[in-house]
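*Asks:* What follows is structure_18.csv, made up of CSV, C-alpha atoms and all ligand atoms:
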chain,number,residue,atom,x,y,z
A,22,MET,CA,57.2,-125.2,-35.0
A,23,SER,CA,58.1,-128.2,-33.1
A,24,LYS,CA,58.0,-127.8,-29.3
A,25,ASP,CA,60.8,-128.5,-26.9
A,26,ILE,CA,60.3,-131.9,-25.4
A,27,SER,CA,63.5,-131.9,-23.3
A,28,ARG,CA,61.4,-131.1,-20.2
A,29,TYR,CA,59.9,-134.6,-20.5
A,30,GLN,CA,63.4,-136.2,-20.6
A,31,ARG,CA,63.0,-138.3,-17.5
A,32,GLN,CA,59.9,-139.9,-19.0
A,33,TYR,CA,61.2,-140.7,-22.5
A,34,LEU,CA,64.4,-142.0,-21.0
A,35,PHE,CA,62.2,-145.0,-20.0
A,36,PRO,CA,62.7,-147.4,-22.8
A,37,LYS,CA,59.0,-148.1,-23.4
A,38,ILE,CA,58.5,-144.4,-24.1
A,39,GLY,CA,61.5,-143.0,-26.0
A,40,GLU,CA,61.6,-139.6,-27.9
A,41,GLU,CA,59.4,-140.6,-30.8
A,42,ARG,CA,56.6,-141.8,-28.6
A,43,GLN,CA,57.0,-138.7,-26.4
A,44,ARG,CA,56.3,-136.5,-29.4
A,45,LYS,CA,53.2,-138.6,-30.1
A,46,ILE,CA,52.0,-137.9,-26.6
A,47,SER,CA,52.6,-134.2,-27.0
A,48,SER,CA,50.7,-133.9,-30.2
A,49,SER,CA,47.7,-135.9,-29.1
A,50,LYS,CA,44.3,-134.4,-28.2
A,51,VAL,CA,42.6,-135.4,-24.9
A,52,THR,CA,39.3,-134.5,-23.3
A,53,LEU,CA,38.9,-134.8,-19.6
A,54,ILE,CA,35.2,-134.9,-18.4
A,55,GLY,CA,35.0,-133.9,-14.7
A,56,CYS,CA,37.8,-132.1,-12.9
A,57,GLY,CA,37.3,-133.0,-9.3
A,58,ALA,CA,39.1,-135.6,-7.3
A,59,LEU,CA,40.1,-137.9,-10.1
A,60,GLY,CA,40.2,-135.2,-12.7
A,61,THR,CA,42.7,-132.9,-11.0
A,62,VAL,CA,45.2,-135.7,-10.4
A,63,ILE,CA,44.8,-136.9,-14.0
A,64,ALA,CA,45.2,-133.4,-15.4
A,65,ASN,CA,48.2,-132.7,-13.2
A,66,THR,CA,49.9,-136.0,-14.2
A,67,LEU,CA,49.2,-135.8,-17.9
A,68,VAL,CA,50.1,-132.1,-18.4
A,69,ARG,CA,53.3,-132.5,-16.5
A,70,CYS,CA,54.2,-135.6,-18.6
A,71,GLY,CA,53.6,-134.0,-22.0
A,72,VAL,CA,49.9,-134.0,-22.9
A,73,GLU,CA,49.9,-130.5,-24.5
A,74,ASN,CA,46.3,-130.4,-25.8
A,75,LEU,CA,43.8,-130.9,-23.1
A,76,THR,CA,40.2,-129.9,-22.9
A,77,ILE,CA,38.7,-129.9,-19.4
A,78,VAL,CA,35.0,-130.0,-18.9
A,79,ASP,CA,33.4,-129.4,-15.5
A,80,ARG,CA,30.2,-127.9,-14.3
A,81,ASP,CA,31.1,-127.2,-10.6
A,82,PHE,CA,33.0,-124.6,-8.7
A,83,VAL,CA,35.7,-125.1,-6.0
A,84,GLU,CA,34.6,-125.6,-2.4
A,85,LEU,CA,36.6,-125.8,0.8
A,86,ASN,CA,35.8,-129.5,1.3
A,87,ASN,CA,37.4,-130.3,-2.1
A,88,LEU,CA,40.9,-129.3,-1.0
A,89,GLN,CA,41.3,-132.6,1.0
A,90,ARG,CA,41.9,-134.4,-2.3
A,91,GLN,CA,41.5,-132.2,-5.4
A,92,VAL,CA,45.2,-131.4,-5.9
A,93,LEU,CA,45.0,-128.5,-8.3
A,94,PHE,CA,43.0,-126.2,-6.1
A,95,ASN,CA,43.8,-124.0,-3.1
A,96,GLU,CA,42.0,-121.7,-0.6
A,97,GLU,CA,42.2,-118.7,-3.0
A,98,ASP,CA,40.1,-120.6,-5.5
A,99,VAL,CA,37.5,-121.2,-2.9
A,100,GLU,CA,37.5,-117.5,-1.9
A,101,ASN,CA,37.2,-116.5,-5.5
A,102,ASN,CA,34.4,-118.9,-6.2
A,103,LEU,CA,36.2,-120.1,-9.3
A,104,PRO,CA,34.8,-122.8,-11.5
A,105,LYS,CA,36.9,-125.9,-11.3
A,106,ALA,CA,37.7,-126.0,-15.0
A,107,ILE,CA,39.1,-122.4,-14.9
A,108,ALA,CA,41.0,-122.9,-11.6
A,109,ALA,CA,42.6,-126.1,-13.1
A,110,LYS,CA,43.5,-124.3,-16.3
A,111,GLN,CA,45.2,-121.5,-14.4
A,112,LYS,CA,47.3,-123.9,-12.4
A,113,LEU,CA,48.2,-126.2,-15.3
A,114,GLU,CA,49.4,-123.2,-17.5
A,115,LYS,CA,51.8,-122.3,-14.7
A,116,ILE,CA,53.0,-125.9,-14.6
A,117,ASN,CA,53.5,-126.3,-18.3
A,118,SER,CA,53.3,-123.1,-20.5
A,119,GLN,CA,53.7,-125.2,-23.6
A,120,ALA,CA,50.3,-126.8,-23.0
A,121,ASN,CA,47.2,-125.6,-24.6
A,122,ILE,CA,44.4,-126.0,-22.0
A,123,GLU,CA,40.8,-125.4,-23.0
A,124,ALA,CA,38.5,-124.9,-20.0
A,125,ILE,CA,34.8,-125.5,-20.6
A,126,VAL,CA,32.5,-124.7,-17.7
A,127,ALA,CA,29.5,-126.8,-18.6
A,128,ASP,CA,27.5,-129.8,-17.7
A,129,ALA,CA,28.5,-132.7,-20.0
A,130,ASN,CA,25.4,-134.3,-21.3
A,131,TYR,CA,23.7,-135.8,-24.4
A,132,SER,CA,23.4,-132.4,-26.0
A,133,ASN,CA,27.1,-131.5,-26.1
A,134,ILE,CA,29.0,-134.7,-25.5
A,135,GLU,CA,29.6,-135.6,-29.1
A,136,ASN,CA,31.3,-132.3,-29.8
A,137,LEU,CA,33.4,-132.7,-26.7
A,138,VAL,CA,34.8,-136.1,-27.7
A,139,LYS,CA,34.9,-135.9,-31.5
A,140,GLY,CA,38.4,-135.7,-33.0
A,141,ARG,CA,40.1,-136.6,-29.7
A,142,ASP,CA,42.6,-139.4,-29.3
A,143,LEU,CA,41.3,-140.2,-25.8
A,144,VAL,CA,38.6,-139.3,-23.3
A,145,LEU,CA,39.1,-139.6,-19.6
A,146,ASP,CA,36.4,-140.0,-17.0
A,147,GLY,CA,36.8,-137.8,-13.9
A,148,THR,CA,33.0,-137.6,-13.2
A,149,ASP,CA,31.0,-138.7,-10.2
A,150,ASN,CA,27.9,-140.3,-11.7
A,151,PHE,CA,26.8,-143.1,-14.0
A,152,ASP,CA,24.5,-141.0,-16.0
A,153,VAL,CA,27.5,-139.1,-17.5
A,154,ARG,CA,29.5,-142.2,-17.8
A,155,TYR,CA,26.9,-144.0,-19.9
A,156,THR,CA,26.7,-140.9,-22.1
A,157,ILE,CA,30.5,-140.8,-22.5
A,158,ASN,CA,30.5,-144.5,-23.2
A,159,GLU,CA,27.9,-144.2,-26.0
A,160,ALA,CA,29.6,-141.1,-27.5
A,161,CYS,CA,33.0,-142.8,-27.5
A,162,VAL,CA,31.7,-146.1,-28.9
A,163,LYS,CA,29.8,-144.2,-31.7
A,164,HIS,CA,32.9,-142.2,-32.6
A,165,ASN,CA,35.4,-145.0,-32.0
A,166,ILE,CA,37.4,-143.2,-29.4
A,167,PRO,CA,39.1,-145.0,-26.4
A,168,TRP,CA,38.1,-143.8,-23.0
A,169,ILE,CA,39.1,-144.7,-19.4
A,170,TYR,CA,36.6,-145.1,-16.7
A,171,GLY,CA,37.5,-144.3,-13.1
A,172,GLY,CA,35.4,-144.1,-9.9
A,173,CYS,CA,36.0,-144.2,-6.2
A,174,VAL,CA,34.2,-143.8,-2.9
A,175,GLY,CA,35.2,-144.6,0.7
A,176,ASP,CA,38.3,-146.8,0.5
A,177,GLN,CA,37.4,-148.4,-2.9
A,178,GLY,CA,38.2,-147.6,-6.5
A,179,LEU,CA,37.4,-149.0,-9.9
A,180,THR,CA,39.0,-148.4,-13.3
A,181,MET,CA,38.7,-149.8,-16.8
A,182,VAL,CA,39.9,-149.0,-20.3
A,183,VAL,CA,37.3,-149.1,-23.0
A,184,ILE,CA,38.6,-149.5,-26.6
A,185,PRO,CA,35.4,-149.6,-28.7
A,186,LYS,CA,34.7,-152.9,-30.5
A,187,LYS,CA,38.0,-154.3,-29.2
A,188,THR,CA,37.3,-154.6,-25.4
A,189,PRO,CA,34.1,-154.6,-23.4
A,190,CYS,CA,32.4,-151.2,-23.0
A,191,LEU,CA,30.8,-149.9,-19.8
A,192,SER,CA,27.4,-151.4,-20.8
A,193,CYS,CA,29.0,-154.8,-21.3
A,194,TYR,CA,29.8,-154.8,-17.6
A,195,PHE,CA,26.9,-152.8,-16.1
A,196,GLN,CA,23.7,-153.1,-18.0
A,197,SER,CA,22.2,-150.3,-15.9
A,198,ALA,CA,23.3,-148.0,-13.2
A,199,PRO,CA,22.8,-149.3,-9.6
A,200,PRO,CA,19.8,-147.8,-7.8
A,201,PRO,CA,20.5,-144.7,-5.6
A,202,GLU,CA,20.0,-146.5,-2.3
A,203,LEU,CA,22.8,-148.9,-3.2
A,204,THR,CA,25.1,-146.2,-4.5
A,205,PRO,CA,27.2,-144.5,-1.8
A,206,THR,CA,28.8,-141.2,-2.9
A,207,CYS,CA,31.8,-139.3,-1.6
A,208,ASP,CA,29.4,-136.8,0.0
A,209,THR,CA,27.4,-139.4,1.8
A,210,ALA,CA,30.0,-142.1,2.6
A,211,GLY,CA,33.2,-140.1,2.6
A,212,ILE,CA,36.4,-140.7,0.6
A,213,LEU,CA,40.0,-141.4,1.5
A,214,SER,CA,42.3,-139.3,-0.7
A,215,PRO,CA,44.9,-142.1,-1.3
A,216,ILE,CA,42.3,-144.1,-3.3
A,217,VAL,CA,41.8,-141.0,-5.5
A,218,ASN,CA,45.5,-140.9,-6.2
A,219,ILE,CA,45.7,-144.6,-6.9
A,220,VAL,CA,42.7,-144.8,-9.3
A,221,SER,CA,43.7,-141.6,-11.2
A,222,SER,CA,47.3,-142.7,-11.4
A,223,LEU,CA,46.2,-146.0,-13.0
A,224,GLN,CA,44.0,-144.0,-15.4
A,225,SER,CA,46.9,-141.8,-16.2
A,226,MET,CA,49.2,-144.8,-16.9
A,227,GLU,CA,46.8,-146.3,-19.3
A,228,ALA,CA,46.4,-142.9,-20.9
A,229,ILE,CA,50.1,-142.7,-21.5
A,230,LYS,CA,50.1,-146.1,-23.1
A,231,ILE,CA,47.3,-145.2,-25.5
A,232,LEU,CA,48.7,-141.7,-26.3
A,233,SER,CA,52.2,-143.1,-27.0
A,234,GLY,CA,50.7,-145.5,-29.6
A,235,GLN,CA,50.8,-148.6,-27.5
A,236,ILE,CA,47.1,-149.3,-27.2
A,237,GLU,CA,47.7,-153.1,-27.2
A,238,GLN,CA,49.6,-152.7,-23.9
A,239,THR,CA,46.6,-151.5,-21.9
A,240,THR,CA,45.5,-153.7,-19.1
A,241,GLU,CA,42.4,-155.8,-19.2
A,242,GLY,CA,39.2,-156.1,-17.3
A,243,LEU,CA,37.6,-154.0,-14.6
A,244,TYR,CA,40.2,-153.4,-11.9
A,245,SER,CA,39.1,-152.9,-8.3
A,246,TYR,CA,41.2,-151.8,-5.5
A,247,ASN,CA,40.7,-151.4,-1.7
A,248,VAL,CA,43.2,-149.0,-0.3
A,249,TRP,CA,42.4,-149.6,3.4
A,250,GLU,CA,43.0,-153.4,3.0
A,251,LYS,CA,45.5,-153.1,0.2
A,252,ARG,CA,43.6,-155.6,-1.8
A,253,SER,CA,43.0,-155.7,-5.6
A,254,GLN,CA,40.9,-157.8,-7.9
A,255,VAL,CA,40.4,-157.9,-11.7
A,256,PHE,CA,37.0,-158.8,-13.2
A,257,GLY,CA,36.7,-160.0,-16.8
A,258,THR,CA,39.2,-159.9,-19.7
A,259,LYS,CA,39.6,-157.9,-22.9
A,260,GLN,CA,37.9,-160.6,-24.9
A,261,GLU,CA,34.7,-160.7,-22.8
A,262,ILE,CA,32.5,-158.4,-24.9
A,263,ASP,CA,28.8,-159.1,-24.3
A,264,PRO,CA,27.5,-160.2,-27.7
A,265,GLU,CA,24.1,-158.7,-26.6
A,266,CYS,CA,25.5,-155.4,-25.5
A,267,PRO,CA,23.0,-152.7,-26.6
A,268,VAL,CA,25.8,-150.1,-27.0
A,269,CYS,CA,28.9,-151.6,-28.5
A,270,GLN,CA,27.2,-154.5,-30.4
A,271,LYS,CA,23.8,-153.2,-31.3
A,272,GLU,CA,24.7,-149.5,-31.4
A,273,LYS,CA,21.6,-148.4,-29.6
A,274,PHE,CA,22.5,-145.1,-28.1
A,275,GLU,CA,19.7,-144.3,-25.6
A,276,TYR,CA,21.6,-141.8,-23.5
A,277,LEU,CA,22.9,-139.9,-26.5
A,278,SER,CA,19.4,-139.6,-28.0
A,279,GLY,CA,18.2,-138.2,-24.6
A,280,ASP,CA,15.8,-141.1,-24.1
A,281,LYS,CA,17.6,-142.1,-20.9
A,282,GLY,CA,19.1,-140.2,-18.0
A,283,MET,CA,18.3,-137.1,-16.0
A,284,ARG,CA,16.0,-134.4,-17.3
A,285,THR,CA,15.9,-131.0,-15.7
A,286,SER,CA,13.7,-127.9,-15.7
A,287,THR,CA,13.8,-124.7,-13.7
A,288,LEU,CA,10.6,-124.0,-11.8
A,289,CYS,CA,9.7,-120.5,-12.6
A,290,GLY,CA,9.5,-118.1,-9.8
A,291,ARG,CA,10.4,-120.7,-7.2
A,292,ASN,CA,14.1,-120.6,-7.2
A,293,ALA,CA,14.1,-124.3,-7.8
A,294,VAL,CA,15.1,-127.0,-10.3
A,295,GLN,CA,13.3,-130.2,-11.0
A,296,ILE,CA,15.2,-133.3,-11.9
A,297,SER,CA,13.3,-136.2,-13.3
A,298,ARG,CA,14.4,-139.6,-14.5
A,299,ASP,CA,13.0,-142.0,-17.0
A,300,ASP,CA,14.3,-145.2,-15.5
A,301,GLN,CA,11.4,-146.1,-13.4
A,302,LEU,CA,13.2,-146.1,-10.1
A,303,LYS,CA,11.5,-147.2,-6.9
A,304,ILE,CA,13.4,-145.4,-4.1
A,305,ASP,CA,13.8,-146.8,-0.6
A,306,PHE,CA,13.4,-143.7,1.5
A,307,LYS,CA,14.8,-145.4,4.6
A,308,ILE,CA,18.2,-146.1,3.1
A,309,ILE,CA,18.3,-142.6,1.5
A,310,ALA,CA,17.4,-141.0,4.8
A,311,GLU,CA,20.3,-142.8,6.5
A,312,LYS,CA,22.6,-141.5,3.8
A,313,LEU,CA,21.4,-137.9,4.2
A,314,GLU,CA,21.0,-137.7,8.0
A,315,HIS,CA,24.5,-136.3,8.6
A,316,ILE,CA,24.0,-133.7,5.8
A,317,GLY,CA,20.8,-132.0,7.1
A,318,LYS,CA,17.4,-132.4,8.6
A,319,VAL,CA,15.5,-135.3,7.0
A,320,THR,CA,11.8,-135.9,7.1
A,321,SER,CA,9.7,-138.3,5.1
A,322,ASN,CA,6.3,-139.9,4.6
A,323,ALA,CA,5.1,-142.6,2.3
A,324,PHE,CA,5.3,-140.3,-0.8
A,325,LEU,CA,8.3,-138.1,-0.4
A,326,LEU,CA,11.4,-137.4,1.5
A,327,LYS,CA,12.7,-133.9,2.4
A,328,CYS,CA,16.2,-132.8,3.4
A,329,ASP,CA,17.0,-129.3,4.4
A,330,PHE,CA,20.7,-128.6,4.3
A,331,ASN,CA,23.3,-125.9,4.0
A,332,GLU,CA,26.2,-126.0,1.5
A,333,SER,CA,28.9,-123.4,1.2
A,334,GLY,CA,26.7,-120.9,3.2
A,335,LYS,CA,23.6,-121.5,1.1
A,336,ASP,CA,20.4,-123.1,2.2
A,337,TYR,CA,18.8,-125.8,0.1
A,338,GLU,CA,15.7,-128.0,0.3
A,339,LEU,CA,15.8,-131.3,-1.5
A,340,THR,CA,12.5,-133.1,-2.0
A,341,LEU,CA,12.8,-136.6,-3.4
A,342,PHE,CA,9.8,-138.6,-4.8
A,343,LEU,CA,9.4,-142.4,-5.0
A,344,ASP,CA,10.3,-142.6,-8.7
A,345,GLY,CA,13.6,-140.7,-8.2
A,346,ARG,CA,12.3,-137.3,-9.2
A,347,ALA,CA,13.6,-134.4,-7.1
A,348,ILE,CA,13.0,-130.8,-6.6
A,349,ILE,CA,16.0,-128.8,-5.4
A,350,LYS,CA,15.0,-125.5,-3.9
A,351,GLY,CA,17.6,-122.7,-3.3
A,352,THR,CA,18.9,-122.5,-6.9
A,353,ASN,CA,17.9,-121.7,-10.4
A,354,ASP,CA,21.1,-123.1,-11.7
A,355,ILE,CA,20.6,-126.4,-13.5
A,356,SER,CA,24.3,-127.5,-13.2
A,357,ARG,CA,24.2,-126.8,-9.5
A,358,ALA,CA,21.1,-128.8,-9.0
A,359,LYS,CA,22.4,-131.7,-11.0
A,360,SER,CA,25.6,-131.5,-9.0
A,361,ILE,CA,23.6,-131.7,-5.7
A,362,TYR,CA,21.5,-134.6,-7.0
A,363,SER,CA,24.7,-136.5,-8.0
A,364,LYS,CA,26.4,-135.8,-4.7
A,365,TYR,CA,23.6,-136.8,-2.4
A,366,ILE,CA,21.3,-139.1,-4.3
A,367,SER,CA,23.8,-140.4,-6.9
A,368,VAL,CA,23.3,-142.2,-10.2
B,1,ZN,ZN,29.4,-153.1,-24.8
Show me, as structure tokens, the structure contained in the file I just sent.
*Replies:*
Amino acid sequence: MSKDISRYQRQYLFPKIGEERQRKISSSKVTLIGCGALGTVIANTLVRCGVENLTIVDRDFVELNNLQRQVLFNEEDVENNLPKAIAAKQKLEKINSQANIEAIVADANYSNIENLVKGRDLVLDGTDNFDVRYTINEACVKHNIPWIYGGCVGDQGLTMVVIPKKTPCLSCYFQSAPPPELTPTCDTAGILSPIVNIVSSLQSMEAIKILSGQIEQTTEGLYSYNVWEKRSQVFGTKQEIDPECPVCQKEKFEYLSGDKGMRTSTLCGRNAVQISRDDQLKIDFKIIAEKLEHIGKVTSNAFLLKCDFNESGKDYELTLFLDGRAIIKGTNDISRAKSIYSKYISV
């Protein structure tokens, strides 16, 4: 049975959309990985404008300090300790009961990413770390699915459309993730909510072009915007694919195979999770200590750095080693530990 598209009339009135393209949007299948700041704005925009098959994947739950910018959540969700994917689904179904929203409370990683993206028309990045983004990039290149990168911190944002084999992929631009000491996160450097709205709106616009069958209309290059200074810049063009790119040109999928990225294990009986990395980092404790000083009590020596902090009423102890390995005490939950690592150490 065909669904009623009249609710989207103000959108398809716009000549570049029209009724036929609107139907295309409504029948398309989209996966959103990460439903925090960027993800909630993207989901809100897309479900209102006619994306009726949306899978939302998120590993986290709603916290009070999310409400500053994560538009689908409220204080009740914080009180009820709701996972973000579930809270988002509940709101979105009230906004658009025609939409079929699938909420998956899980950590997107090499073991599940291919199932999450296969058969979709588009994948959207609402995550907060490069590890997951490289994994999304490889899965989407492998299965020939367009995806839209987005990221922001402080007053700055970045976004880029990746159409496998036709435009540069994430690895064409960034051969490897920047080291943690050079990577501010929203939890260490803060974030202004207007930049979230701008980046996610740009991602949503490109999504609408792709889902309405106008992939050739997507904008090119890596777009950078500074909301405080109202300044934008575009790096690169659609044609500048790196001929040596290990992912889109040589199809070497190191994140998908599990050879690269974070590894985790719970430490039995210690209420702790260990996160190790294989990318031979050499951490600068001084810079990390400056990042963590306002979060908790930081101590360090030549071999390790410790930070005791409290988050949502729970005490944690994060121990970081020179090679990027960390032990997070205070939880047995791997998703929670990965989330803490991404928030405070990054990458
Ligand atoms: Zn590439």
*Asks:* Can I get the residues of chain A within 9 Å of ligand ZN 1 (chain B), each with the closest pair of atoms and their distance in Å to one decimal, using all atoms listed in the file, sorted chain first then ascending number, as a tab-separated table?
*Replies:*
residue	atom	partner	partner_atom	distance
A:Asn158	CA	B:ZN1	ZN	8.8
A:Val162	CA	B:ZN1	ZN	8.4
A:Pro185	CA	B:ZN1	ZN	8.0
A:Lys186	CA	B:ZN1	ZN	7.8
A:Thr188	CA	B:ZN1	ZN	8.1
A:Pro189	CA	B:ZN1	ZN	5.1
A:Cys190	CA	B:ZN1	ZN	4.0
A:Leu191	CA	B:ZN1	ZN	6.1
A:Ser192	CA	B:ZN1	ZN	4.8
A:Cys193	CA	B:ZN1	ZN	3.9
A:Tyr194	CA	B:ZN1	ZN	7.4
A:Gln196	CA	B:ZN1	ZN	8.9
A:Ile262	CA	B:ZN1	ZN	6.1
A:Asp263	CA	B:ZN1	ZN	6.1
A:Pro264	CA	B:ZN1	ZN	7.9
A:Glu265	CA	B:ZN1	ZN	7.9
A:Cys266	CA	B:ZN1	ZN	4.6
A:Pro267	CA	B:ZN1	ZN	6.7
A:Val268	CA	B:ZN1	ZN	5.2
A:Cys269	CA	B:ZN1	ZN	4.0
A:Gln270	CA	B:ZN1	ZN	6.2
A:Lys271	CA	B:ZN1	ZN	8.6
A:Glu272	CA	B:ZN1	ZN	8.9
*Asks:* For range 225-241 of chain A, find every residue with an atom within 7 Å (counting all atoms listed in the file), except residues of its own chain fewer than 3 positions away, and show them as a list of chain:residue names.
*Replies:* A:Arg42, A:Gln43, A:Lys45, A:Ile46, A:Ser49, A:Ile63, A:Thr66, A:Leu67, A:Ser221, A:Ser222, A:Thr258, A:Lys259
*Asks:* Could you name the residues that touch Trp249 in chain A at 12 Å or less, counting all atoms listed in the file, but leaving out those on the same chain fewer than 6 positions away, as a list in words?
*Replies:*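 Once the adjacent positions are removed, what remains is Val174, Gly175, Asp176, Gln177, Gly178, Ile212, Leu213, Ser214, Pro215, Ile216 and Ile219 of chain A.
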*Asks:* (43.7, -152.7, -4.4) in this file's frame - what residues fall within 12 Å of it? Use all atoms listed in the file and give the answer as a PyMOL selection string.
*Replies:* chain A and resi 173+176-180+215-217+219-220+223+243-255
*Asks:* Of the candidates A:Thr206, A:Asn117, A:Asn292, A:Ser333, which shows the shortest atom-to-atom distance to Asn150 in chain A, using only C-alpha atoms?
*Replies:*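 Of A:Thr206, A:Asn117, A:Asn292, A:Ser333, the one nearest Asn150 in chain A, counting only C-alpha atoms, is A:Thr206.
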*Asks:* Enter the distance from CA of Cys56 in chain A to CA of Arg80 in chain A, in Å, rounded to one decimal.
*Replies:*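 Between CA of Cys56 in chain A and CA of Arg80 in chain A the gap works out to 8.8 Å.
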*Asks:* Using only C-alpha atoms, which of the listed residues (A:Ala127, A:Gly317, A:Thr52, A:Glu275) sits closest to Asn331 in chain A?
*Replies:* A:Gly317
*Asks:* Figure out the distance between CA of Phe82 in chain A and CA of Lys139 in chain A, please, to one decimal in Å.
*Replies:*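 We find that CA of Lys139 in chain A and CA of Phe82 in chain A lie 25.5 Å from each other.
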*Asks:* Find the residue from A:Arg291, A:Arg357, A:Lys303, A:Arg28 that sits nearest to Asp81 in chain A; use all atoms listed in the file when measuring.
*Replies:*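 Using all atoms listed in the file, Asp81 in chain A sits closest to A:Arg357.
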*Asks:* Under the rule that only C-alpha atoms are counted, which of A:Ile308, A:Val126, A:Leu143, A:Ile361 is the nearest residue to Val294 in chain A?
*Replies:*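 Of all the options, A:Ile361 lies closest to Val294 in chain A.
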*Asks:* Just how far from CA of Glu123 in chain A is CA of Ile166 in chain A, in Å to one decimal?
*Replies:*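 Straight-line distance from CA of Ile166 in chain A to CA of Glu123 in chain A works out to 19.2 Å.
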*Asks:* As a VMD selection string, please: the residues near Leu341 in chain A (cut-off 12 Å, all atoms listed in the file, same-chain neighbours under 6 positions excluded).
*Replies:* chain A and resid 201 295 to 298 302 to 306 309 to 310 313 319 to 329 347 to 350 362 365 to 366
*Asks:* So that I have them on file, write out the residues from the current selection with C-alpha atoms, as an mmCIF file, in the frame of the given file.
*Replies:*
data_model
loop_
_atom_site.group_PDB
_atom_site.id
_atom_site.type_symbol
_atom_site.label_atom_id
_atom_site.label_comp_id
_atom_site.auth_asym_id
_atom_site.auth_seq_id
_atom_site.Cartn_x
_atom_site.Cartn_y
_atom_site.Cartn_z
ATOM 1 C CA PRO A 201 20.500 -144.700 -5.600
ATOM 2 C CA GLN A 295 13.300 -130.200 -11.000
ATOM 3 C CA ILE A 296 15.200 -133.300 -11.900
ATOM 4 C CA SER A 297 13.300 -136.200 -13.300
ATOM 5 C CA ARG A 298 14.400 -139.600 -14.500
ATOM 6 C CA LEU A 302 13.200 -146.100 -10.100
ATOM 7 C CA LYS A 303 11.500 -147.200 -6.900
ATOM 8 C CA ILE A 304 13.400 -145.400 -4.100
ATOM 9 C CA ASP A 305 13.800 -146.800 -0.600
ATOM 10 C CA PHE A 306 13.400 -143.700 1.500
ATOM 11 C CA ILE A 309 18.300 -142.600 1.500
ATOM 12 C CA ALA A 310 17.400 -141.000 4.800
ATOM 13 C CA LEU A 313 21.400 -137.900 4.200
ATOM 14 C CA VAL A 319 15.500 -135.300 7.000
ATOM 15 C CA THR A 320 11.800 -135.900 7.100
ATOM 16 C CA SER A 321 9.700 -138.300 5.100
ATOM 17 C CA ASN A 322 6.300 -139.900 4.600
ATOM 18 C CA ALA A 323 5.100 -142.600 2.300
ATOM 19 C CA PHE A 324 5.300 -140.300 -0.800
ATOM 20 C CA LEU A 325 8.300 -138.100 -0.400
ATOM 21 C CA LEU A 326 11.400 -137.400 1.500
ATOM 22 C CA LYS A 327 12.700 -133.900 2.400
ATOM 23 C CA CYS A 328 16.200 -132.800 3.400
ATOM 24 C CA ASP A 329 17.000 -129.300 4.400
ATOM 25 C CA ALA A 347 13.600 -134.400 -7.100
ATOM 26 C CA ILE A 348 13.000 -130.800 -6.600
ATOM 27 C CA ILE A 349 16.000 -128.800 -5.400
ATOM 28 C CA LYS A 350 15.000 -125.500 -3.900
ATOM 29 C CA TYR A 362 21.500 -134.600 -7.000
ATOM 30 C CA TYR A 365 23.600 -136.800 -2.400
ATOM 31 C CA ILE A 366 21.300 -139.100 -4.300
#
*Asks:* Taking only C-alpha atoms into account, name the residue in A:Ile26, A:Met283, A:Leu145, A:Leu53 that is nearest to Tyr131 in chain A.
*Replies:*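 Closest residue, counting only C-alpha atoms: A:Met283.
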*Asks:* Could you check the closest approach to Leu203 in chain A for each of A:Lys312, A:Lys318, A:Lys359, A:Lys24 and tell me which residue wins, using all atoms listed in the file?
*Replies:*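 Of A:Lys312, A:Lys318, A:Lys359, A:Lys24, the one nearest Leu203 in chain A, counting all atoms listed in the file, is A:Lys312.
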